[in-house]
Each structure stands twice: as C-alpha cells, then as structure tokens.
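Colleague: Below: one structure in structure tokens.
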Amino acid sequence: MSTSARERAGRLPWMLVLPAVVGLVFLVLPLAGLLIRAPWSTLGPRLAEPHVLEALRLSVVSASAATLICLVLGVPLAWLLARVTFPGRRLVRALVTVPLVLPPVVGGVALLLVLGRRGVVGQWLESAFGITLPFTTAGVILAEAFVAMPFLVISVEGALRGADRRFEEAAATLGASRWTVFRRVTLPMIMPGVVAGAVLCWARALGEFGATITFAGNFPGTTRTMPLAVYLALETEPEAAIVLSLVLLAVSVIILASLRDRWVTSP
C-alpha cells in the first residue's frame, strides 16, 4: 500500500464522526445539565431529609428482594432455555424477554388484572389466604421483579451457552447427579454471568417506575420508591427531584462502570 493510500485510510471519515459526536452530545448533555443544576451547597442536608431516606431505604430493600426472587426463579429458567430442548422453546424465550420491550405501565396493568383484588389469581389469594398484593410493599417487589427478571435470564443463559460442557460431562461420568453437577460444576463456571445479571437486575428494579405506580401506587413509606419520589418532587420541589435523580444517576454509573469488563473486551 502506498503512502498516500495509507494516509487516506487513516483519515477520519467525517460523515460518520460528525453524527457520532452529535449522538454523544445528545446522550450526555441532559446528564450534564443535571449535574450543572444540582444544588451542591445543600446536597448533604437534602439527602438527610426523612422522606428522602425513607424512599431510598424502600428502594434498596424492594430492589434487593426483587433481585432475590429473580435469582431463585430466573437461574433455573435460564438453565431450562439453554440446556433443555422442548417444543416451543423459542416462543418461551420470546415471552421471557417481552418485559424488556413492554411499556412498564402495561406491565403494571397486566399485574393488576392478574394479582389485583379482582384479578384471576388475586381474588383467590384474598379469599383463601387473605393476601392482598396491590398497593403494598410486596406489590412493589413483584412489579420490580417482573420488569427486571429478563436481564438476569438473558445474562445467565448467555453464560450457560458459552460454558464448556465437557466439565459437566466428566462429572456426570464420575457418578454425580444432575443437581450435584449443576451445583458443583455448572454454577461456579457461570457465576460471573449470574453476578452480572443480578447487578443489572438490581439496577433495573431500583429504577422501575411505570409498573410500580400502576400496580402498587404511591404511598409514603409503603410503595413510594426513589423514582416515584422524583416524579412527585418534580411538581412541588424541583431541587429535591434533582437530588434524588443524582442518587439514581450515581448508582447507574457505578453499576455500568463495574460491569465494563464484562461487556467491553478491549480498553
């Protein structure tokens, strides 16, 4: 290749660079505006306000509980999709990922129709056990688990498909049961995928708004999580909404930075 050809190959394609820069500005500018307009001088006292701490505590507790539910149910579901061939597997995988593209408020309506007091399952739970899920903290946890579980399932299924099955086969030939193989061989191999999926699941649950407000409502100390508190504060106290938004932004940045090595293979 001649020198002139190398120079032409090394030049930046401005037809691609310009829209890329515009796209970057479009994504970063709103976040920069949030940082610029933040009331830094009163940030500490505002974070210490009782209603802020209450919303933060409820968000952390509910997101952690939702993630635990997703781990208990999602890891076996991911294993089923990755390792078992059965009729309709593609349809099941599509249904599992539907909450990723479904508007959260639609998910909240669906939960209300199924688990509400007059829902398909909810009326039975209330009549048989006296359990009412809508407009309770348990409702918040269920709504968050519904929208967050696909993140865990996709991550764990990808890890299972990429795992070397020869180790599992070797353990099976030595007489290990399927449960022992999964617990002692498979799970340790896919643990990075499980951890990454759990972290993404927790972050998604922490930021859930639509399904939560539709299914669980917005009651202080019971169902008012951080996103709901942001929405409420934006109408009455914008500076408080900015402070709450900064907390959620910081959590998101920390999580994405911690998972960088999993999604990006080169610096």
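We label chains A, B, ... in the order they appear in the structure tokens, count residues from 1 in each chain, and number ligands from 1 in the order shown.
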Leaving out Leu160 in chain A and any residue of its chain fewer than 6 positions from it, which residues lie within 7 Å of it when counting only C-alpha atoms, given as a tab-separated table (two decimals) with N, CA, C and O atoms, in the first residue's frame?
Modeller:
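And here is the file that came out, selection-v4.tsv:
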chain	number	residue	atom	x	y	z
A	79	TRP	N	-31.37	-21.86	32.75
A	79	TRP	CA	-30.83	-23.20	32.51
A	79	TRP	C	-31.77	-24.00	31.61
A	79	TRP	O	-31.32	-24.71	30.71
A	82	ALA	N	-31.41	-22.81	28.06
A	82	ALA	CA	-30.09	-23.04	27.46
A	82	ALA	C	-29.77	-24.52	27.28
A	82	ALA	O	-29.05	-24.88	26.34
A	190	ILE	N	-20.52	-20.44	35.62
A	190	ILE	CA	-21.33	-19.33	35.10
A	190	ILE	C	-21.51	-18.21	36.13
A	190	ILE	O	-22.27	-17.27	35.88
Colleague: Please provide as number ranges by chain all residues within 8 Å of range 152-157 of chain A, with the sequence filter that same-chain residues fewer than 6 positions apart are discarded (counting only C-alpha atoms).
Modeller: A: 70-71, 74-75, 77-79, 81-82, 190, 193-194, 196-198, 200-201
Colleague: Have a look at A:Glu54, A:Val195, A:Glu168, A:Pro227 and name the one nearest to Ile242 in chain A; count only C-alpha atoms.
Modeller: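 Nearest to Ile242 in chain A: A:Pro227.
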Colleague: Of the residues A:Pro134, A:Leu73, A:Pro150, A:Arg117, which is the one nearest to Ala94 in chain A, using only C-alpha atoms?
Modeller: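 Between A:Pro134, A:Leu73, A:Pro150, A:Arg117, the residue approaching Ala94 in chain A most closely is A:Pro150.
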Colleague: For the atom pair CA of Arg46 in chain A and CA of Val247 in chain A, what is the interatomic distance in Å to one decimal place?
Modeller: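 Separation of CA of Arg46 in chain A and CA of Val247 in chain A: 11.5 Å.
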Colleague: Running DSSP on the backbone, which parts of range 47-173 of chain A land in helix (DSSP H, G or I), as a ChimeraX atom specification?
Modeller: /A:47,50-83,89-101,104-115,122-129,137-162,166-173
Colleague: Give me, as a PyMOL selection string, all polymer residues having an atom no more than 12 Å from Arg165 in chain A, counting only C-alpha atoms and skipping those fewer than 3 positions away in the same chain.
Modeller: chain A and resi 82-83+159-162+168-172+181-182+185-187+189-190
Colleague: Once you have the residues from the selection above, write them out as a PDB file, in the first residue's frame, restricted to C-alpha atoms.
Modeller:
ATOM      1  CA  ALA A  82     -30.094 -23.038  27.455  1.00  0.00           C
ATOM      2  CA  ARG A  83     -29.833 -26.750  28.151  1.00  0.00           C
ATOM      3  CA  ALA A 159     -23.161 -17.676  30.242  1.00  0.00           C
ATOM      4  CA  LEU A 160     -24.595 -21.200  30.094  1.00  0.00           C
ATOM      5  CA  ARG A 161     -24.318 -21.334  26.317  1.00  0.00           C
ATOM      6  CA  GLY A 162     -20.714 -20.191  26.494  1.00  0.00           C
ATOM      7  CA  GLU A 168     -20.224 -31.276  33.274  1.00  0.00           C
ATOM      8  CA  GLU A 169     -19.993 -34.442  31.200  1.00  0.00           C
ATOM      9  CA  ALA A 170     -16.874 -35.519  33.087  1.00  0.00           C
ATOM     10  CA  ALA A 171     -18.602 -35.010  36.431  1.00  0.00           C
ATOM     11  CA  ALA A 172     -21.623 -36.992  35.196  1.00  0.00           C
ATOM     12  CA  VAL A 181     -23.265 -31.277  38.566  1.00  0.00           C
ATOM     13  CA  PHE A 182     -25.249 -28.053  38.461  1.00  0.00           C
ATOM     14  CA  VAL A 185     -19.651 -27.587  38.328  1.00  0.00           C
ATOM     15  CA  THR A 186     -22.095 -25.543  36.278  1.00  0.00           C
ATOM     16  CA  LEU A 187     -22.891 -22.806  38.789  1.00  0.00           C
ATOM     17  CA  MET A 189     -18.492 -21.754  35.815  1.00  0.00           C
ATOM     18  CA  ILE A 190     -21.325 -19.327  35.103  1.00  0.00           C
TER      19      ILE A 190
END
Colleague: Using only C-alpha atoms, pick whichever of A:Ala20, A:Val52, A:Leu31, A:Leu102 has the shortest atom-to-atom distance to Gly221 in chain A.
Modeller: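 Among the listed residues, A:Val52 lies closest to Gly221 in chain A.
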Colleague: List the spatial neighbours of Leu246 in chain A as a list in words - criterion: any atom at most 8 Å away, only C-alpha atoms, same-chain residues fewer than 6 positions off excluded.
Modeller: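 That gives Leu34, Leu35 and Ala38 of chain A.
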Colleague: Taking C-alpha atoms for each residue, export the selection above as a CSV table (one decimal), in the first residue's frame.
Modeller:
chain,number,residue,atom,x,y,z
A,34,LEU,CA,-28.5,17.5,35.8
A,35,LEU,CA,-25.0,18.0,37.3
A,38,ALA,CA,-27.7,20.3,41.1
Colleague: Quick one: distance from CA of Leu206 in chain A to CA of Ser59 in chain A in Å, one decimal?
Modeller: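 It comes out at 5.9 Å.
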Colleague: In Å to one decimal, how far is CA of Ala66 in chain A from CA of Leu142 in chain A?
Modeller: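 Separating CA of Leu142 in chain A from CA of Ala66 in chain A is a distance of 6.6 Å.
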Colleague: Counting only C-alpha atoms, which residue out of A:Pro192, A:Ala176, A:Leu244, A:Leu24 sits closest to Met226 in chain A?
Modeller: A:Leu244
Colleague: I'd like to know which of A:Ser258, A:Thr214, A:Thr173, A:Thr236 is closest to Leu111 in chain A, using only C-alpha atoms.
Modeller: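 Closest residue, counting only C-alpha atoms: A:Thr214.
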Colleague: Got a sec: who's within 9 Å of Thr67 in chain A, counting only C-alpha atoms, leaving out chain neighbours fewer than 3 positions off, as a list of chain:residue names?
Modeller: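 My reading of the contact set: A:Ser62, A:Ala63, A:Ser64, A:Cys70, A:Leu71, A:Val72, A:Ile141, A:Glu144, A:Ala145, A:Ala148, A:Met149, A:Leu152, A:Ala198, A:Val199, A:Cys201, A:Trp202, A:Ala205.
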Colleague: Go ahead and save the picked residues with all heavy atoms, as a CSV table (one decimal), in the first residue's frame.
Modeller:
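selection.csv, freshly written:
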chain,number,residue,atom,x,y,z
A,62,SER,N,-36.6,-3.1,48.4
A,62,SER,CA,-37.5,-3.7,47.4
A,62,SER,C,-36.7,-4.2,46.2
A,62,SER,O,-37.0,-5.3,45.7
A,62,SER,CB,-38.6,-2.7,47.0
A,62,SER,OG,-38.0,-1.6,46.4
A,63,ALA,N,-35.7,-3.5,45.8
A,63,ALA,CA,-34.9,-3.9,44.7
A,63,ALA,C,-34.1,-5.1,45.0
A,63,ALA,O,-33.9,-6.1,44.2
A,63,ALA,CB,-33.9,-2.8,44.2
A,64,SER,N,-33.6,-5.2,46.3
A,64,SER,CA,-32.8,-6.4,46.7
A,64,SER,C,-33.7,-7.6,46.8
A,64,SER,O,-33.3,-8.7,46.4
A,64,SER,CB,-32.2,-6.1,48.1
A,64,SER,OG,-31.3,-5.0,48.0
A,70,CYS,N,-35.7,-12.9,41.5
A,70,CYS,CA,-35.3,-13.2,40.1
A,70,CYS,C,-34.2,-14.2,40.1
A,70,CYS,O,-34.1,-15.1,39.2
A,70,CYS,CB,-34.7,-11.9,39.5
A,70,CYS,SG,-36.0,-10.7,39.2
A,71,LEU,N,-33.3,-14.3,41.1
A,71,LEU,CA,-32.2,-15.3,41.2
A,71,LEU,C,-32.8,-16.7,41.4
A,71,LEU,O,-32.4,-17.6,40.7
A,71,LEU,CB,-31.3,-14.9,42.3
A,71,LEU,CG,-30.2,-13.8,42.0
A,71,LEU,CD1,-29.5,-13.5,43.3
A,71,LEU,CD2,-29.2,-14.3,41.0
A,72,VAL,N,-33.8,-16.8,42.3
A,72,VAL,CA,-34.4,-18.1,42.6
A,72,VAL,C,-35.2,-18.6,41.4
A,72,VAL,O,-35.1,-19.8,41.1
A,72,VAL,CB,-35.3,-17.9,43.9
A,72,VAL,CG1,-36.1,-19.2,44.1
A,72,VAL,CG2,-34.5,-17.6,45.1
A,141,ILE,N,-42.3,-5.1,45.1
A,141,ILE,CA,-41.3,-6.1,44.8
A,141,ILE,C,-41.7,-6.9,43.6
A,141,ILE,O,-40.9,-7.2,42.8
A,141,ILE,CB,-41.1,-7.0,46.1
A,141,ILE,CG1,-40.5,-6.1,47.2
A,141,ILE,CG2,-40.2,-8.2,45.8
A,141,ILE,CD1,-40.5,-6.8,48.6
A,144,GLU,N,-41.3,-4.9,40.4
A,144,GLU,CA,-39.9,-4.8,40.0
A,144,GLU,C,-39.3,-6.1,39.5
A,144,GLU,O,-38.5,-6.1,38.6
A,144,GLU,CB,-39.1,-4.3,41.2
A,144,GLU,CG,-39.4,-2.8,41.6
A,144,GLU,CD,-38.7,-2.4,42.9
A,144,GLU,OE1,-38.0,-3.2,43.5
A,144,GLU,OE2,-38.7,-1.2,43.1
A,145,ALA,N,-39.7,-7.2,40.1
A,145,ALA,CA,-39.2,-8.5,39.7
A,145,ALA,C,-39.7,-8.8,38.3
A,145,ALA,O,-39.0,-9.4,37.4
A,145,ALA,CB,-39.6,-9.6,40.6
A,148,ALA,N,-37.6,-6.8,35.8
A,148,ALA,CA,-36.1,-6.9,35.9
A,148,ALA,C,-35.7,-8.3,35.6
A,148,ALA,O,-34.5,-8.5,35.2
A,148,ALA,CB,-35.7,-6.5,37.3
A,149,MET,N,-36.5,-9.3,35.7
A,149,MET,CA,-36.0,-10.7,35.5
A,149,MET,C,-35.4,-11.0,34.2
A,149,MET,O,-34.5,-11.8,34.1
A,149,MET,CB,-37.2,-11.7,35.8
A,149,MET,CG,-36.7,-13.2,35.9
A,149,MET,SD,-38.0,-14.4,36.2
A,149,MET,CE,-38.5,-13.9,37.9
A,152,LEU,N,-31.6,-10.8,34.0
A,152,LEU,CA,-30.9,-11.9,34.7
A,152,LEU,C,-31.0,-13.1,33.8
A,152,LEU,O,-29.9,-13.8,33.6
A,152,LEU,CB,-31.5,-12.2,36.0
A,152,LEU,CG,-30.9,-13.4,36.8
A,152,LEU,CD1,-29.5,-13.0,37.3
A,152,LEU,CD2,-31.8,-13.8,37.9
A,198,ALA,N,-27.4,-10.3,38.0
A,198,ALA,CA,-28.0,-9.9,39.2
A,198,ALA,C,-27.9,-8.4,39.5
A,198,ALA,O,-28.8,-7.7,39.9
A,198,ALA,CB,-27.5,-10.7,40.4
A,199,VAL,N,-26.7,-7.9,39.1
A,199,VAL,CA,-26.4,-6.5,39.3
A,199,VAL,C,-27.3,-5.7,38.3
A,199,VAL,O,-27.9,-4.6,38.7
A,199,VAL,CB,-24.9,-6.2,39.0
A,199,VAL,CG1,-24.7,-4.7,39.0
A,199,VAL,CG2,-24.1,-6.8,40.1
A,201,CYS,N,-30.1,-6.6,37.1
A,201,CYS,CA,-31.5,-6.8,37.6
A,201,CYS,C,-31.8,-5.9,38.7
A,201,CYS,O,-32.8,-5.3,38.8
A,201,CYS,CB,-31.6,-8.3,38.0
A,201,CYS,SG,-33.2,-8.7,38.6
A,202,TRP,N,-30.8,-5.8,39.6
A,202,TRP,CA,-31.0,-4.9,40.8
A,202,TRP,C,-31.1,-3.4,40.3
A,202,TRP,O,-32.0,-2.7,40.8
A,202,TRP,CB,-29.8,-5.0,41.8
A,202,TRP,CG,-30.0,-4.3,43.0
A,202,TRP,CD1,-30.7,-4.7,44.2
A,202,TRP,CD2,-29.5,-3.0,43.4
A,202,TRP,NE1,-30.6,-3.8,45.1
A,202,TRP,CE2,-29.9,-2.7,44.7
A,202,TRP,CE3,-28.7,-2.1,42.6
A,202,TRP,CZ2,-29.5,-1.5,45.3
A,202,TRP,CZ3,-28.4,-0.9,43.3
A,202,TRP,CH2,-28.8,-0.6,44.6
A,205,ALA,N,-34.5,-2.9,38.7
A,205,ALA,CA,-35.5,-2.8,39.8
A,205,ALA,C,-35.5,-1.5,40.5
A,205,ALA,O,-36.5,-1.0,40.9
A,205,ALA,CB,-35.4,-4.0,40.7
Colleague: Within 7 Å of Thr212 in chain A, counting only C-alpha atoms, which residues show up once you throw out same-chain ones fewer than 3 positions away? Write them as a ChimeraX atom specification, please.
Modeller: /A:108,140,143-144,208-209,215-217
Colleague: Keeping N, CA and C atoms, export the residues of the selection given above as a CSV table (one decimal), in the first residue's frame.
Modeller:
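That gives us result13.csv:
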chain,number,residue,atom,x,y,z
A,108,GLY,N,-47.7,-3.1,34.6
A,108,GLY,CA,-48.5,-2.8,35.8
A,108,GLY,C,-49.9,-3.2,35.7
A,140,VAL,N,-44.8,-3.8,45.2
A,140,VAL,CA,-43.6,-3.1,44.6
A,140,VAL,C,-42.6,-4.1,44.2
A,143,ALA,N,-43.7,-6.1,41.1
A,143,ALA,CA,-43.6,-5.3,39.9
A,143,ALA,C,-42.2,-5.1,39.5
A,144,GLU,N,-41.3,-4.9,40.4
A,144,GLU,CA,-39.9,-4.8,40.0
A,144,GLU,C,-39.3,-6.1,39.5
A,208,GLU,N,-37.3,1.2,38.5
A,208,GLU,CA,-38.6,1.0,38.0
A,208,GLU,C,-39.6,2.0,38.5
A,209,PHE,N,-40.5,2.4,37.5
A,209,PHE,CA,-41.5,3.5,37.8
A,209,PHE,C,-42.9,3.1,37.4
A,215,PHE,N,-49.3,-0.7,39.7
A,215,PHE,CA,-49.7,-1.8,40.4
A,215,PHE,C,-49.7,-1.6,41.9
A,216,ALA,N,-48.7,-0.8,42.4
A,216,ALA,CA,-48.5,-0.6,43.8
A,216,ALA,C,-48.9,0.7,44.3
A,217,GLY,N,-49.1,1.7,43.5
A,217,GLY,CA,-49.5,3.0,43.9
A,217,GLY,C,-48.3,3.8,44.4
